[in-house]
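input.txt, holding compact mmCIF, C-alpha atoms:
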```
# COMPACT_ATOMS: atom_id res chain seq x y z
CA MET C 1 -7.96 -0.48 23.97
CA GLU C 2 -7.21 2.17 26.61
CA LEU C 3 -6.05 5.54 25.26
CA PHE C 4 -6.25 9.00 26.78
CA TYR C 5 -6.81 10.87 23.53
CA ARG C 6 -10.54 10.90 23.12
CA VAL C 7 -10.63 9.85 19.53
CA THR C 8 -11.36 6.67 17.65
CA LEU C 9 -8.86 4.77 15.52
CA HIS C 10 -10.70 6.19 12.48
CA GLU C 11 -9.97 9.76 13.58
CA ILE C 12 -6.28 9.03 14.22
CA VAL C 13 -5.96 7.40 10.78
CA ALA C 14 -7.91 10.21 9.05
CA ASP C 15 -5.76 12.84 10.82
CA ALA C 16 -2.61 11.03 9.65
CA LEU C 17 -3.89 10.74 6.08
CA MET C 18 -4.54 14.49 6.08
CA LEU C 19 -0.95 15.23 7.19
CA VAL C 20 0.40 12.83 4.55
CA GLU C 21 -1.68 14.53 1.86
CA GLU C 22 -1.51 18.20 2.82
CA LYS C 23 1.92 18.48 4.50
CA GLU C 24 3.59 15.68 2.49
CA PHE C 25 4.68 13.88 5.68
CA SER C 26 5.65 10.23 5.51
CA SER C 27 3.06 7.99 7.22
CA LYS C 28 5.59 7.32 10.00
CA HIS C 29 6.27 11.04 10.59
CA ALA C 30 2.53 11.86 10.51
CA LEU C 31 1.77 9.28 13.19
CA GLU C 32 4.73 10.40 15.31
CA LYS C 33 3.24 13.90 15.35
CA ILE C 34 -0.28 12.68 16.19
CA PHE C 35 0.85 10.25 18.89
CA LYS C 36 2.68 13.02 20.78
CA LYS C 37 -0.85 13.88 22.01
CA VAL C 38 -1.67 10.29 22.95
CA GLU C 39 -1.11 8.69 26.35
CA GLY C 40 -2.14 5.33 27.74
CA LYS C 41 -0.89 1.80 28.20
CA ASP C 42 -2.05 0.74 24.70
CA LYS C 43 -0.27 3.63 22.93
CA GLU C 44 2.32 1.51 21.08
CA LYS C 45 -0.22 -1.10 20.08
CA ALA C 46 -2.54 1.63 18.77
CA ARG C 47 0.31 3.25 16.85
CA GLY C 48 1.12 -0.08 15.17
CA ILE C 49 -2.51 -0.61 14.12
CA ALA C 50 -2.84 3.00 12.89
CA HIS C 51 0.41 2.74 10.90
CA ALA C 52 -0.79 -0.46 9.21
CA TYR C 53 -4.05 1.30 8.24
CA VAL C 54 -2.35 4.42 6.85
CA PHE C 55 0.31 2.40 5.00
CA GLU C 56 -2.20 0.03 3.38
CA ILE C 57 -4.69 2.78 2.48
CA GLU C 58 -1.91 4.74 0.74
CA LYS C 59 -0.73 1.54 -0.97
CA TRP C 60 -4.19 0.72 -2.32
CA ARG C 61 -5.51 4.26 -2.75
CA ALA C 62 -6.13 4.07 -6.52
CA LYS C 63 -8.22 0.92 -6.09
CA ILE C 64 -10.07 2.34 -3.05
CA ASP C 65 -10.86 5.56 -4.96
CA PHE C 66 -12.00 3.53 -7.99
CA ILE C 67 -14.53 1.74 -5.76
CA ILE C 68 -15.79 5.00 -4.23
CA ASN C 69 -15.97 6.80 -7.60
CA SER C 70 -17.89 3.86 -9.05
CA VAL C 71 -20.71 4.31 -6.52
CA LEU C 72 -20.63 8.13 -6.38
CA ARG C 73 -23.07 9.44 -8.94
CA GLY C 74 -22.38 12.78 -10.57
CA SER C 75 -19.23 13.55 -8.56
CA LYS C 76 -15.76 12.22 -7.71
CA ILE C 77 -13.97 11.62 -4.43
CA GLU C 78 -11.72 14.58 -5.30
CA ASP C 79 -14.82 16.84 -5.08
CA LEU C 80 -15.57 15.87 -1.47
CA ASP C 81 -14.25 17.51 1.69
CA PRO C 82 -10.75 15.93 2.08
CA TYR C 83 -11.42 14.73 5.64
CA LEU C 84 -14.73 13.15 4.63
CA ALA C 85 -12.99 11.53 1.63
CA ASN C 86 -10.40 9.98 3.96
CA LEU C 87 -13.07 8.65 6.33
CA LEU C 88 -14.78 6.99 3.36
CA ARG C 89 -11.42 5.50 2.29
CA ILE C 90 -11.04 4.01 5.78
CA GLY C 91 -14.53 2.50 5.59
CA VAL C 92 -13.91 0.99 2.14
CA PHE C 93 -10.49 -0.32 3.22
CA GLU C 94 -11.99 -2.08 6.23
CA MET C 95 -14.85 -3.55 4.23
CA LYS C 96 -13.14 -4.60 0.99
CA PHE C 97 -9.51 -5.16 2.02
CA LYS C 98 -9.53 -6.08 5.73
CA LYS C 99 -12.83 -7.97 5.31
CA VAL C 100 -14.38 -6.33 8.39
CA ASN C 101 -18.12 -7.05 8.67
CA PRO C 102 -19.72 -4.42 6.37
CA ALA C 103 -22.23 -3.29 9.01
CA ILE C 104 -19.43 -2.70 11.55
CA ALA C 105 -17.18 -0.93 8.99
CA THR C 106 -20.09 1.31 7.94
CA ASP C 107 -21.25 2.08 11.47
CA SER C 108 -17.80 3.02 12.81
CA THR C 109 -17.17 5.35 9.84
CA VAL C 110 -20.63 6.96 9.89
CA ARG C 111 -20.33 7.71 13.62
CA VAL C 112 -17.17 9.74 13.07
CA VAL C 113 -18.72 11.55 10.06
CA LYS C 114 -21.72 12.49 12.20
CA GLU C 115 -19.47 13.81 14.98
CA LYS C 116 -17.11 15.70 12.66
CA PHE C 117 -19.70 17.03 10.22
CA ASP C 118 -23.49 16.75 10.54
CA LEU C 119 -26.42 14.36 10.12
CA THR C 120 -26.77 15.10 6.38
CA ARG C 121 -23.15 14.12 5.70
CA ALA C 122 -23.52 11.06 7.96
CA LYS C 123 -26.54 9.90 5.89
CA PHE C 124 -24.51 10.49 2.72
CA ALA C 125 -21.58 8.41 4.05
CA ASN C 126 -23.99 5.67 5.11
CA ALA C 127 -25.57 5.56 1.63
CA ILE C 128 -22.16 5.43 -0.09
CA LEU C 129 -20.87 2.60 2.11
CA ARG C 130 -24.10 0.62 1.64
CA GLU C 131 -23.51 0.87 -2.12
CA VAL C 132 -19.87 -0.16 -1.67
CA GLU C 133 -21.02 -3.26 0.22
CA LYS C 134 -23.03 -4.39 -2.83
CA PHE C 135 -20.41 -3.29 -5.39
CA ASN C 136 -18.77 -6.08 -7.41
CA VAL C 137 -15.14 -4.93 -7.60
CA GLU C 138 -13.85 -7.79 -9.76
CA GLY C 139 -16.72 -7.39 -12.22
CA ALA C 140 -16.04 -3.65 -12.55
CA LEU C 141 -12.30 -4.30 -13.04
CA LYS C 142 -13.06 -6.82 -15.77
CA LYS C 143 -15.11 -4.21 -17.66
CA LEU C 144 -12.34 -1.65 -17.18
CA LYS C 145 -9.75 -4.07 -18.58
CA GLU C 146 -11.80 -4.46 -21.78
CA LYS C 147 -12.16 -0.69 -22.12
CA ASP C 148 -8.70 0.64 -21.07
CA ARG C 149 -5.93 -1.82 -20.25
CA ILE C 150 -3.51 0.84 -18.88
CA GLU C 151 -6.15 2.27 -16.54
CA TRP C 152 -7.00 -1.29 -15.45
CA LEU C 153 -3.33 -1.89 -14.52
CA ALA C 154 -3.21 1.45 -12.68
CA VAL C 155 -6.31 0.56 -10.63
CA ARG C 156 -5.68 -3.19 -10.23
CA PHE C 157 -2.13 -2.65 -8.92
CA SER C 158 -2.84 0.81 -7.45
CA HIS C 159 -0.22 2.97 -9.19
CA PRO C 160 -0.44 6.36 -10.93
CA ARG C 161 -1.33 6.03 -14.61
CA TRP C 162 1.77 8.00 -15.67
CA TYR C 163 4.00 5.51 -13.83
CA VAL C 164 2.32 2.49 -15.46
CA GLU C 165 2.74 4.01 -18.93
CA TYR C 166 6.35 4.96 -18.17
CA VAL C 167 7.56 1.57 -16.93
CA ILE C 168 5.81 -0.27 -19.80
CA ASP C 169 7.72 1.96 -22.25
CA LEU C 170 10.94 1.37 -20.31
CA LEU C 171 10.76 -2.36 -19.51
CA GLY C 172 8.03 -3.87 -21.70
CA TYR C 173 4.59 -5.05 -20.56
CA ASP C 174 5.44 -8.31 -18.76
CA GLU C 175 8.37 -6.95 -16.79
CA ALA C 176 6.47 -3.76 -15.93
CA VAL C 177 3.72 -5.90 -14.38
CA ARG C 178 6.37 -7.74 -12.33
CA LEU C 179 7.62 -4.37 -11.08
CA LEU C 180 4.07 -3.25 -10.17
CA LEU C 181 3.54 -6.49 -8.24
CA SER C 182 6.90 -6.16 -6.50
CA ASN C 183 6.06 -2.62 -5.36
CA LEU C 184 3.05 -4.06 -3.50
CA LYS C 185 5.02 -6.69 -1.58
CA PRO C 186 6.06 -6.15 2.06
CA GLN C 187 9.14 -3.97 2.45
CA ARG C 188 12.50 -5.71 2.55
CA TYR C 189 14.69 -4.54 5.43
CA TYR C 190 18.47 -4.15 5.21
CA VAL C 191 20.83 -3.50 8.11
CA ARG C 192 24.09 -1.57 7.72
CA ALA C 193 26.77 -2.13 10.36
CA ASN C 194 28.01 1.15 11.83
CA THR C 195 31.75 0.52 11.53
CA LEU C 196 32.50 3.43 13.87
CA LYS C 197 31.27 1.13 16.67
CA THR C 198 31.45 -2.47 15.42
CA ASP C 199 31.83 -4.65 12.32
CA ILE C 200 29.56 -6.69 10.06
CA GLU C 201 30.42 -10.08 11.64
CA LYS C 202 29.58 -8.88 15.16
CA VAL C 203 26.29 -7.38 13.95
CA LYS C 204 25.42 -10.64 12.17
CA GLU C 205 26.15 -12.67 15.30
CA TYR C 206 24.17 -10.26 17.51
CA LEU C 207 21.14 -10.30 15.21
CA GLU C 208 21.13 -14.10 14.91
CA ASN C 209 21.39 -14.41 18.72
CA ASN C 210 18.31 -12.18 18.90
CA GLY C 211 16.11 -14.20 16.54
CA VAL C 212 16.89 -12.26 13.35
CA ARG C 213 17.88 -14.38 10.36
CA VAL C 214 20.13 -12.46 7.96
CA ALA C 215 22.16 -12.99 4.79
CA TYR C 216 25.18 -11.28 3.26
CA THR C 217 24.63 -8.87 0.35
CA PRO C 218 26.78 -7.48 -2.49
CA VAL C 219 27.49 -4.44 -0.25
CA GLU C 220 30.15 -5.46 2.25
CA ASP C 221 28.76 -3.76 5.38
CA VAL C 222 25.07 -4.51 4.71
CA LEU C 223 22.96 -7.53 5.72
CA LYS C 224 19.60 -8.58 4.32
CA VAL C 225 16.94 -9.33 6.96
CA LEU C 226 15.17 -12.59 6.05
CA GLU C 227 13.09 -13.26 9.18
CA TYR C 228 12.71 -11.77 12.63
CA GLU C 229 10.90 -12.53 15.86
CA LYS C 230 11.11 -8.93 17.09
CA PRO C 231 11.49 -5.83 14.87
CA VAL C 232 15.20 -4.93 14.60
CA THR C 233 14.40 -1.32 15.62
CA LYS C 234 13.37 -2.62 19.07
CA LEU C 235 16.78 -4.22 19.69
CA GLU C 236 19.34 -2.66 22.04
CA TRP C 237 22.12 -2.45 19.43
CA TYR C 238 19.87 -0.43 17.10
CA LYS C 239 19.07 2.03 19.91
CA LYS C 240 22.79 2.31 20.70
CA GLY C 241 23.71 2.95 17.05
CA TYR C 242 25.64 -0.24 16.31
CA PHE C 243 23.61 -0.66 13.13
CA VAL C 244 21.11 1.32 11.07
CA ILE C 245 18.27 0.46 8.71
CA GLN C 246 19.31 1.48 5.19
CA ASP C 247 18.20 0.29 1.78
CA LEU C 248 20.76 -1.87 -0.05
CA ALA C 249 21.12 0.38 -3.12
CA SER C 250 21.24 3.53 -0.98
CA ALA C 251 24.10 2.02 1.06
CA TYR C 252 26.08 1.36 -2.14
CA VAL C 253 26.44 5.12 -2.83
CA ALA C 254 29.10 5.74 -0.15
CA HIS C 255 31.20 2.82 -1.44
CA VAL C 256 31.01 4.15 -5.01
CA LEU C 257 32.09 7.59 -3.72
CA SER C 258 35.10 5.88 -2.01
CA PRO C 259 35.92 8.67 0.49
CA GLU C 260 39.33 8.62 2.20
CA PRO C 261 40.04 9.57 5.83
CA GLY C 262 41.11 13.24 5.99
CA GLU C 263 39.23 14.40 2.86
CA ARG C 264 36.69 17.23 2.67
CA VAL C 265 33.30 15.96 1.55
CA LEU C 266 30.11 17.89 0.72
CA ASP C 267 26.63 16.37 0.88
CA LEU C 268 24.30 18.75 -0.98
CA ALA C 269 20.98 17.15 0.07
CA ALA C 270 21.94 15.43 3.30
CA ALA C 271 18.77 14.69 5.31
CA PRO C 272 17.82 12.21 6.68
CA GLY C 273 21.57 11.50 6.81
CA SER C 274 22.03 7.80 6.01
CA LYS C 275 24.60 8.41 3.25
CA THR C 276 26.33 11.23 5.19
CA PHE C 277 26.83 8.99 8.23
CA HIS C 278 27.93 6.06 6.08
CA VAL C 279 30.62 8.27 4.49
CA ALA C 280 31.66 9.40 8.01
CA ALA C 281 32.12 5.74 8.98
CA LEU C 282 34.19 4.99 5.84
CA MET C 283 36.32 8.07 6.68
CA GLU C 284 36.76 6.77 10.26
CA ASN C 285 35.57 10.18 11.56
CA LYS C 286 38.71 11.79 10.04
CA GLY C 287 38.44 14.81 7.75
CA GLU C 288 35.31 16.93 7.35
CA ILE C 289 31.84 16.39 5.92
CA VAL C 290 29.67 19.46 5.30
CA ALA C 291 26.04 18.27 5.29
CA VAL C 292 23.67 20.75 3.65
CA ASP C 293 19.88 20.57 3.71
CA TYR C 294 17.07 23.10 3.20
CA SER C 295 14.93 21.59 6.00
CA TYR C 296 15.95 22.83 9.45
CA GLU C 297 13.67 20.30 11.14
CA ARG C 298 15.33 17.40 9.33
CA LEU C 299 18.79 18.71 10.23
CA ILE C 300 17.78 18.72 13.91
CA ARG C 301 16.81 15.07 13.56
CA MET C 302 20.19 14.39 11.88
CA LYS C 303 21.95 15.98 14.87
CA GLU C 304 20.18 13.55 17.23
CA ARG C 305 21.16 10.57 15.05
CA MET C 306 24.80 11.71 14.88
CA LYS C 307 25.11 11.43 18.67
CA ARG C 308 23.68 7.92 18.68
CA LEU C 309 25.96 6.75 15.86
CA GLY C 310 29.14 8.34 17.23
CA VAL C 311 29.62 10.54 14.14
CA LYS C 312 32.00 13.43 14.91
CA ASN C 313 33.26 14.85 11.61
CA VAL C 314 29.97 16.22 10.19
CA LYS C 315 29.13 19.92 10.14
CA LEU C 316 25.40 20.56 9.59
CA VAL C 317 24.47 23.56 7.42
CA HIS C 318 20.95 24.88 6.89
CA ALA C 319 21.06 26.04 3.24
CA ASP C 320 19.78 25.33 -0.27
CA GLY C 321 21.90 22.81 -2.16
CA GLN C 322 21.13 24.70 -5.38
CA SER C 323 23.09 27.75 -4.23
CA TYR C 324 25.34 26.84 -1.27
CA ILE C 325 28.97 27.78 -1.93
CA ASP C 326 31.78 27.01 0.51
CA LYS C 327 34.92 29.14 0.72
CA GLU C 328 37.05 26.04 0.08
CA LYS C 329 36.58 23.41 -2.64
CA PHE C 330 35.75 19.78 -1.81
CA ASP C 331 37.55 16.53 -2.63
CA LYS C 332 34.30 14.55 -2.91
CA ILE C 333 30.60 15.40 -3.22
CA ILE C 334 27.46 13.35 -2.63
CA LEU C 335 24.47 14.55 -4.63
CA ASP C 336 21.57 12.27 -3.73
CA ALA C 337 19.14 14.59 -5.46
CA PRO C 338 15.55 15.28 -4.42
CA CYS C 339 13.47 13.30 -6.92
CA SER C 340 10.06 11.82 -7.75
CA SER C 341 10.86 8.90 -5.37
CA SER C 342 9.35 6.62 -8.02
CA GLY C 343 11.75 3.85 -6.98
CA THR C 344 10.52 3.75 -3.37
CA TYR C 345 6.83 2.82 -3.75
CA ARG C 346 7.23 -0.39 -1.75
CA GLN C 347 8.79 1.51 1.16
CA PHE C 348 6.79 4.77 0.96
CA PRO C 349 3.49 4.14 -0.88
CA GLU C 350 2.25 7.68 -0.12
CA VAL C 351 4.74 9.17 -2.62
CA LYS C 352 2.86 7.49 -5.48
CA TRP C 353 0.18 10.19 -5.34
CA ARG C 354 2.42 13.27 -4.97
CA PHE C 355 3.82 13.71 -8.45
CA ASN C 356 2.53 14.53 -11.91
CA GLU C 357 4.47 15.49 -15.04
CA GLU C 358 4.44 19.21 -14.14
CA LYS C 359 5.83 18.62 -10.65
CA ILE C 360 8.48 16.23 -12.02
CA LYS C 361 9.63 18.95 -14.46
CA ARG C 362 10.12 21.29 -11.48
CA VAL C 363 12.09 18.59 -9.63
CA ILE C 364 14.35 18.05 -12.67
CA SER C 365 15.07 21.81 -12.73
CA VAL C 366 16.19 21.58 -9.06
CA GLN C 367 18.34 18.50 -9.83
CA ARG C 368 20.10 20.34 -12.66
CA ASN C 369 20.69 23.44 -10.53
CA MET C 370 22.26 21.19 -7.89
CA LEU C 371 24.49 19.51 -10.50
CA ILE C 372 25.75 22.93 -11.66
CA ASN C 373 26.34 23.94 -8.03
CA ALA C 374 28.16 20.69 -7.27
CA PHE C 375 30.56 21.46 -10.15
CA ARG C 376 31.27 24.90 -8.61
CA ASN C 377 32.07 23.35 -5.21
CA LEU C 378 34.26 20.48 -6.43
CA ARG C 379 38.02 20.86 -6.77
CA GLU C 380 39.75 19.94 -10.02
CA GLY C 381 40.24 16.18 -10.03
CA GLY C 382 37.54 15.83 -7.39
CA GLU C 383 34.81 13.17 -7.72
CA MET C 384 31.12 12.99 -6.92
CA THR C 385 28.25 10.54 -6.94
CA TYR C 386 24.94 11.51 -8.49
CA SER C 387 22.09 9.29 -7.32
CA THR C 388 18.29 9.19 -7.14
CA CYS C 389 15.62 6.73 -6.04
CA SER C 390 13.74 7.34 -9.30
CA VAL C 391 13.04 5.00 -12.23
CA ARG C 392 12.91 7.86 -14.74
CA ILE C 393 15.54 8.48 -17.44
CA ASP C 394 14.94 12.26 -17.34
CA GLU C 395 15.91 12.36 -13.65
CA ASN C 396 18.89 10.05 -14.15
CA GLU C 397 20.77 9.41 -17.41
CA GLU C 398 19.55 12.65 -19.04
CA ASN C 399 20.74 14.65 -16.02
CA VAL C 400 24.16 12.97 -16.16
CA ILE C 401 24.42 13.95 -19.85
CA PHE C 402 23.42 17.51 -18.81
CA GLY C 403 26.31 17.41 -16.29
CA LEU C 404 28.76 16.15 -18.94
CA GLU C 405 27.75 19.04 -21.22
CA ARG C 406 28.64 21.44 -18.38
CA GLY C 407 32.12 20.15 -17.69
CA PHE C 408 31.90 16.87 -15.77
CA GLU C 409 33.49 13.63 -16.98
CA ILE C 410 31.86 10.28 -16.26
CA VAL C 411 33.96 7.80 -14.28
CA ASP C 412 33.88 4.25 -15.63
CA TYR C 413 33.34 2.81 -12.16
CA PRO C 414 33.51 -1.03 -11.88
CA PHE C 415 30.03 -1.60 -10.42
CA SER C 416 30.09 -5.07 -8.89
CA TRP C 417 26.34 -5.77 -9.04
CA GLY C 418 23.04 -4.32 -10.27
CA ASP C 419 22.08 -3.50 -13.86
CA LYS C 420 23.34 -1.06 -16.47
CA GLY C 421 21.40 2.11 -17.27
CA PHE C 422 20.03 3.55 -20.50
CA LEU C 423 21.09 5.89 -23.34
CA GLU C 424 24.68 6.26 -24.61
CA ILE C 425 26.14 6.45 -21.08
CA GLY C 426 24.16 3.45 -19.83
CA ASP C 427 27.16 1.11 -19.61
CA LYS C 428 28.84 3.49 -17.13
CA THR C 429 25.85 3.88 -14.82
CA PHE C 430 24.20 1.67 -12.19
CA ARG C 431 20.55 0.77 -11.68
CA THR C 432 18.57 -1.49 -9.40
CA TRP C 433 14.95 -2.56 -9.76
CA THR C 434 12.63 -3.60 -6.95
CA HIS C 435 11.49 -6.77 -8.79
CA ARG C 436 15.02 -7.81 -9.81
CA HIS C 437 17.14 -6.82 -6.80
CA ASP C 438 14.65 -6.84 -3.89
CA CYS C 439 15.47 -3.24 -2.88
CA ASN C 440 14.47 0.25 -4.00
CA SER C 441 14.72 1.02 -7.72
CA PHE C 442 17.80 3.23 -7.75
CA PHE C 443 20.32 5.03 -9.97
CA ILE C 444 24.01 5.90 -9.40
CA ALA C 445 26.61 7.56 -11.62
CA LYS C 446 30.11 8.65 -10.64
CA LEU C 447 31.42 11.93 -12.09
CA ARG C 448 34.74 13.79 -12.03
CA LYS C 449 35.71 17.44 -12.47
CA PRO C 450 38.68 17.42 -14.88
```
Starting from the coordinates I provided, produce the structure as structure tokens.
Amino acid sequence: MELFYRVTLHEIVADALMLVEEKEFSSKHALEKIFKKVEGKDKEKARGIAHAYVFEIEKWRAKIDFIINSVLRGSKIEDLDPYLANLLRIGVFEMKFKKVNPAIATDSTVRVVKEKFDLTRAKFANAILREVEKFNVEGALKKLKEKDRIEWLAVRFSHPRWYVEYVIDLLGYDEAVRLLLSNLKPQRYYVRANTLKTDIEKVKEYLENNGVRVAYTPVEDVLKVLEYEKPVTKLEWYKKGYFVIQDLASAYVAHVLSPEPGERVLDLAAAPGSKTFHVAALMENKGEIVAVDYSYERLIRMKERMKRLGVKNVKLVHADGQSYIDKEKFDKIILDAPCSSSGTYRQFPEVKWRFNEEKIKRVISVQRNMLINAFRNLREGGEMTYSTCSVRIDENEENVIFGLERGFEIVDYPFSWGDKGFLEIGDKTFRTWTHRHDCNSFFIAKLRKP
């Protein structure tokens, strides 16, 4: 493989894992940043291989770390230098998951450790990976199952322990296991027709003519991708903005909001912009959408996407959705709140390792501040959608109840698919589950300011 960035695949993957961990980048964003420094005819091929490595290592991280911790004596992987820890994860992944010859997996990892650190650390890495080679993973998991069934599930299906406990309480043991399994399956792709440029039938015909087999979904402008010869993001119509990739449940939000051409709409947490641009399409570019986000970098990326999609009625504002106040009130508001992303593990496995109970409490505080601020910005009689890609009741139904206590009314929206939610308002809320609906686990409620 010919690349003009004098590094090995292991270094690229380790660099990406560091960005994912320390800067909280998505694996895709991390590799985009790294590959800006890469040139050569095999660049795209290398990026594809590196992305597969990063994605799978993040997906299976709990199991990989269990293997490493089982052979480390007197310490844990968390105690090691983070870069060294990631190199060991790559070695274990190759050996135990990709079934690379153990000698080759060990040698390629140890070489990078020697170059990046020193001979002592290289000998240490060599010793650890030799132990991993002999380690009986299934035998160790069997012992763990006898000792601590929850921890066994967390390791076996590579999820945070808190998540395993939470979904068992929520769904029961058998269905929770189905959800864990579903989170590990390959991502399901959905395509939303950009009705500013075309319609669903033309997109369907175009995709099928280009070797993409699709099916209709409960959301009228969204198609489910069943099979493809070439990734849909490589097709000309994607590059020209005739369609976008958007999760099925996420694409339902704009329809629930039901914006009308000519209205004023506020999106309080707009980036990366999928829902904003969907609302723009439903409004036929008439009226105004104020898209607020605290990340300037993400707003810049939204601006680039707007051009491609032909969106003309969106005003981008760099501000905090917890405190942004406009001089005029809005007819409609989208609050797709920042959340634990615990419904997106199949799509973004790296988010599994970012949250604990303390961090989730801080996120809920932000969500509630944004709900209060949405109420301030909404005109009397105005409506809003509150949504998250979280499975948790405290980020969803409990927050809606918090909103009701502060003046909102819940709209009894006729959801045409999905499941009901929980608590006393459950019948008036919408949920999807990855194992039941083959999309992100998601929550939507529609609220009104009386």
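We find atom CA of C:Phe422 and atom CA of C:Ile393 to be spaced 7.3 Å apart.
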>> So that I can see what lies close to C:Val132, please list as a ChimeraX atom specification the residues with an atom at most 10 Å from it, counting only C-alpha atoms and leaving out residues fewer than 4 positions away in the same chain.
In response: /C:67-72,91-92,95-96,102,106,126-128,136-137
>> Can you tell me which residues surround stretch 211-225 of chain C at a distance of at most 9 Å, considering all atoms listed in the file, apart from same-chain residues fewer than 2 positions away, and format the answer as a PyMOL selection string?
In response: chain C and resi 188-195+199-200+203-204+206-209+227-232+246-249+251-252+255+416-417
Kindly save the residues from that selection, with C-alpha atoms included, as a short mmCIF file (atom, residue, chain, number, x, y, z; two decimals), keeping the file's coordinate frame.
```cif
data_model
loop_
_atom_site.label_atom_id
_atom_site.label_comp_id
_atom_site.auth_asym_id
_atom_site.auth_seq_id
_atom_site.Cartn_x
_atom_site.Cartn_y
_atom_site.Cartn_z
CA ARG C 188 12.50 -5.71 2.55
CA TYR C 189 14.69 -4.54 5.43
CA TYR C 190 18.47 -4.15 5.21
CA VAL C 191 20.83 -3.50 8.11
CA ARG C 192 24.09 -1.57 7.72
CA ALA C 193 26.77 -2.13 10.36
CA ASN C 194 28.01 1.15 11.83
CA THR C 195 31.75 0.52 11.53
CA ASP C 199 31.83 -4.65 12.32
CA ILE C 200 29.56 -6.69 10.06
CA VAL C 203 26.29 -7.38 13.95
CA LYS C 204 25.42 -10.64 12.17
CA TYR C 206 24.17 -10.26 17.51
CA LEU C 207 21.14 -10.30 15.21
CA GLU C 208 21.13 -14.10 14.91
CA ASN C 209 21.39 -14.41 18.72
CA GLU C 227 13.09 -13.26 9.18
CA TYR C 228 12.71 -11.77 12.63
CA GLU C 229 10.90 -12.53 15.86
CA LYS C 230 11.11 -8.93 17.09
CA PRO C 231 11.49 -5.83 14.87
CA VAL C 232 15.20 -4.93 14.60
CA GLN C 246 19.31 1.48 5.19
CA ASP C 247 18.20 0.29 1.78
CA LEU C 248 20.76 -1.87 -0.05
CA ALA C 249 21.12 0.38 -3.12
CA ALA C 251 24.10 2.02 1.06
CA TYR C 252 26.08 1.36 -2.14
CA HIS C 255 31.20 2.82 -1.44
CA SER C 416 30.09 -5.07 -8.89
CA TRP C 417 26.34 -5.77 -9.04
#
```
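Comparing C:Arg111, C:Arg161, C:Lys76, C:Lys43 by their smallest distance to C:Lys352, the closest is C:Arg161 (using all atoms listed in the file).
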>> Give me the residues near stretch 293-306 of chain C as a PyMOL selection string, where near means some atom within 7 Å (using all atoms listed in the file) and where sequence neighbours in that chain fewer than 6 positions away do not count.
In response: chain C and resi 268-273+316-321
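Atom pair atom CA of C:Ala281 / atom CA of C:Lys197 has a distance of 9.0 Å (rounded to one decimal).
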> Closest to C:Ser108 among C:Arg61, C:Thr429, C:Lys312, C:Glu94, using only C-alpha atoms?
Replying inline: C:Glu94
> Could you work out how far atom CA of C:Glu151 lies from atom CA of C:Asn396, giving the answer in Å with one decimal?
Replying inline: 26.3 Å
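Of the listed residues (C:Phe55, C:Tyr238, C:Tyr166, C:Phe277), C:Phe55 comes nearest to C:Gln187; the distances count only C-alpha atoms.
Shortest atom-to-atom contact with C:Glu56 among C:Ser323, C:Gln347, C:Ser342, C:Ser441: C:Gln347, counting only C-alpha atoms.
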> Which residue out of C:Val314, C:Val164, C:Ala176, C:Leu309 has the minimum interatomic distance to C:Gly287 when only C-alpha atoms are used?
Replying inline: C:Val314
>> Using only C-alpha atoms, which protein or nucleic acid residues come within 12 Å of C:Leu179? Drop anything in the same chain fewer than 6 positions from it, and give the result as a ChimeraX atom specification.
In response: /C:153,157,159,163-164,166-168,170-173,185,342-346,391,432-441
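Compared by their closest atoms to C:Ile360, and using only C-alpha atoms, the residues C:Tyr386, C:Trp162, C:Phe66, C:Phe124 rank with C:Trp162 nearest.
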>> Quick one: residues within 10 Å of C:Ala125, all atoms listed in the file, excluding same-chain residues fewer than 5 positions away - as a VMD selection string?
In response: chain C and resid 84 to 85 87 to 88 91 106 to 107 109 to 111 113 to 114 119 to 120 130 to 131
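All protein, DNA and RNA residues at most 7 Å from (18.1, 3.2, -16.9) are Ile393, Glu397, Lys420, Gly421, Phe422, Gly426 and Arg431 of chain C, using all atoms listed in the file.
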Could you turn the residues from that selection into a file that holds C-alpha atoms, as a PDB file, keeping the file's coordinate frame?
```
ATOM      1  CA  ILE C 393      15.540   8.480 -17.440  1.00  0.00           C
ATOM      2  CA  GLU C 397      20.770   9.410 -17.410  1.00  0.00           C
ATOM      3  CA  LYS C 420      23.340  -1.060 -16.470  1.00  0.00           C
ATOM      4  CA  GLY C 421      21.400   2.110 -17.270  1.00  0.00           C
ATOM      5  CA  PHE C 422      20.030   3.550 -20.500  1.00  0.00           C
ATOM      6  CA  GLY C 426      24.160   3.450 -19.830  1.00  0.00           C
ATOM      7  CA  ARG C 431      20.550   0.770 -11.680  1.00  0.00           C
TER       8      ARG C 431
END
```
